[in-house]
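Below is the file run_10.cif, which contains mmCIF, C-alpha atoms.
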```
data_structure
loop_
_atom_site.label_atom_id
_atom_site.label_comp_id
_atom_site.auth_asym_id
_atom_site.auth_seq_id
_atom_site.Cartn_x
_atom_site.Cartn_y
_atom_site.Cartn_z
CA MET Q 1 -36.79 -27.58 -103.40
CA ILE Q 2 -40.02 -25.96 -104.34
CA GLY Q 3 -39.86 -24.23 -107.67
CA ARG Q 4 -40.70 -20.61 -108.32
CA THR Q 5 -43.93 -21.54 -110.11
CA ALA Q 6 -45.13 -23.63 -107.18
CA ARG Q 7 -44.43 -20.80 -104.73
CA LEU Q 8 -46.27 -18.28 -106.89
CA SER Q 9 -49.19 -20.68 -107.22
CA ALA Q 10 -49.33 -21.17 -103.46
CA LEU Q 11 -49.20 -17.39 -102.93
CA PHE Q 12 -52.02 -16.89 -105.43
CA VAL Q 13 -54.18 -19.54 -103.74
CA ALA Q 14 -53.53 -17.96 -100.32
CA MET Q 15 -54.47 -14.49 -101.61
CA LEU Q 16 -57.61 -15.91 -103.23
CA ALA Q 17 -58.58 -17.61 -99.95
CA LEU Q 18 -58.10 -14.35 -98.03
CA ALA Q 19 -60.13 -12.43 -100.61
CA ALA Q 20 -62.97 -14.91 -100.14
CA CYS Q 21 -63.16 -13.88 -96.48
CA ALA Q 22 -63.83 -10.22 -97.29
CA ALA Q 23 -67.17 -8.90 -96.11
CA HIS Q 24 -69.59 -7.30 -98.54
CA GLN Q 25 -72.25 -4.73 -97.70
CA ALA Q 26 -75.29 -4.36 -99.90
CA SER Q 27 -75.74 -0.76 -101.00
CA SER Q 28 -79.49 -0.97 -100.42
CA THR Q 29 -78.93 -1.40 -96.67
CA VAL Q 30 -77.10 1.93 -96.27
CA ALA Q 31 -79.26 4.78 -95.04
CA PRO Q 32 -78.62 8.27 -96.49
CA GLN Q 33 -77.79 9.62 -93.02
CA ALA Q 34 -75.23 6.85 -92.34
CA PRO Q 35 -71.78 8.04 -91.22
CA GLY Q 36 -69.51 8.87 -94.16
CA PHE Q 37 -65.94 9.96 -94.83
CA LEU Q 38 -65.73 12.92 -92.44
CA LEU Q 39 -67.24 11.05 -89.53
CA GLY Q 40 -64.86 8.18 -90.32
CA VAL Q 41 -61.91 10.59 -90.06
CA TRP Q 42 -63.24 11.82 -86.72
CA HIS Q 43 -63.81 8.30 -85.37
CA GLY Q 44 -60.32 7.26 -86.46
CA PHE Q 45 -58.79 10.31 -84.78
CA ILE Q 46 -60.53 9.70 -81.44
CA PHE Q 47 -60.01 5.91 -81.60
CA PRO Q 48 -57.61 5.64 -78.59
CA ILE Q 49 -59.94 7.58 -76.32
CA ALA Q 50 -63.06 5.81 -77.61
CA TRP Q 51 -61.41 2.42 -77.10
CA ILE Q 52 -60.57 3.16 -73.46
CA VAL Q 53 -64.07 4.52 -72.80
CA SER Q 54 -65.64 1.50 -74.55
CA LEU Q 55 -64.00 -0.81 -72.00
CA PHE Q 56 -66.11 0.74 -69.25
CA VAL Q 57 -69.23 2.07 -71.03
CA HIS Q 58 -71.10 -0.45 -73.17
CA ASP Q 59 -72.93 2.19 -75.22
CA VAL Q 60 -69.66 3.54 -76.70
CA SER Q 61 -68.22 1.90 -79.81
CA VAL Q 62 -64.97 2.54 -81.68
CA TYR Q 63 -66.53 1.91 -85.12
CA ALA Q 64 -69.90 3.12 -86.43
CA VAL Q 65 -72.21 0.38 -87.70
CA PRO Q 66 -74.00 0.80 -90.07
CA ASN Q 67 -71.89 3.19 -92.12
CA ASN Q 68 -71.70 4.02 -95.81
CA GLY Q 69 -68.97 1.48 -96.49
CA GLY Q 70 -65.76 2.26 -98.35
CA TRP Q 71 -65.69 6.01 -97.77
CA TYR Q 72 -66.23 5.63 -94.03
CA ASN Q 73 -63.51 2.95 -93.88
CA PHE Q 74 -61.11 5.18 -95.83
CA GLY Q 75 -61.79 8.10 -93.50
CA TYR Q 76 -61.32 5.85 -90.48
CA PHE Q 77 -57.98 4.70 -91.87
CA ILE Q 78 -56.89 8.32 -92.52
CA GLY Q 79 -57.95 9.30 -89.00
CA ILE Q 80 -55.97 6.52 -87.34
CA VAL Q 81 -52.85 6.46 -89.50
CA PHE Q 82 -52.26 10.10 -90.38
CA LEU Q 83 -53.99 12.04 -87.61
CA GLY Q 84 -54.18 9.64 -84.71
CA VAL Q 85 -52.11 6.84 -83.25
CA GLY Q 86 -50.06 6.01 -86.35
CA SER Q 87 -48.72 9.53 -86.85
CA HIS Q 88 -46.71 9.51 -83.63
CA GLY Q 89 -44.50 6.51 -84.40
CA SER Q 90 -42.78 7.91 -87.46
CA ARG Q 91 -39.90 9.81 -85.87
CA LYS Q 92 -36.44 9.03 -87.12
CA VAL Q 93 -33.39 10.08 -85.17
CA VAL Q 94 -30.02 10.10 -86.89
CA VAL Q 95 -26.89 10.43 -84.79
CA ASP Q 96 -23.70 11.39 -86.58
CA ARG Q 97 -20.84 10.01 -84.50
CA SER Q 98 -18.14 10.48 -87.12
CA ARG Q 99 -17.24 13.91 -85.70
CA THR Q 100 -15.38 13.73 -82.43
#
```

When written as structure tokens, how does the structure in this file appear?
Amino acid sequence: MIGRTARLSALFVAMLALAACAAHQASSTVAPQAPGFLLGVWHGFIFPIAWIVSLFVHDVSVYAVPNNGGWYNFGYFIGIVFLGVGSHGSRKVVVDRSRT
């Protein structure tokens, strides 16, 4: 059996390998008029429609490049998860069958 220390070490190495794959954007390459947080929220919200349109029109993209980095990504995440596609899958139905 693999010990707890070996498993934790393997997990740490896997996380380190994944972190090495992260992309980095130099701040000097971002223009002042680059899309920011609010445009990221908007792009995340309209993602399903933009994705369908992008299949047929090559000038339409679902993600703005270049953008201002972290704030645009955070807005995009908020737009998708809380306002867009992700917000509709969180319904929970509870049926109480104990009363007959």

Item to check | Straight-line distance linking atom CA of Q:Pro35 with atom CA of Q:Asn67, stated in Å to one decimal | outcome: 4.9 Å

Next on the checklist: Running the PyMOL selection byres ((chain Q and resi 41-49) around 9) on this model by hand, what would come out? Give it as a PyMOL selection string.
Outcome noted: chain Q and resi 36-40+50-54+62-64+72-85

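The space between atom CA of Q:Ala31 and atom CA of Q:Ser61 spans 19.0 Å.
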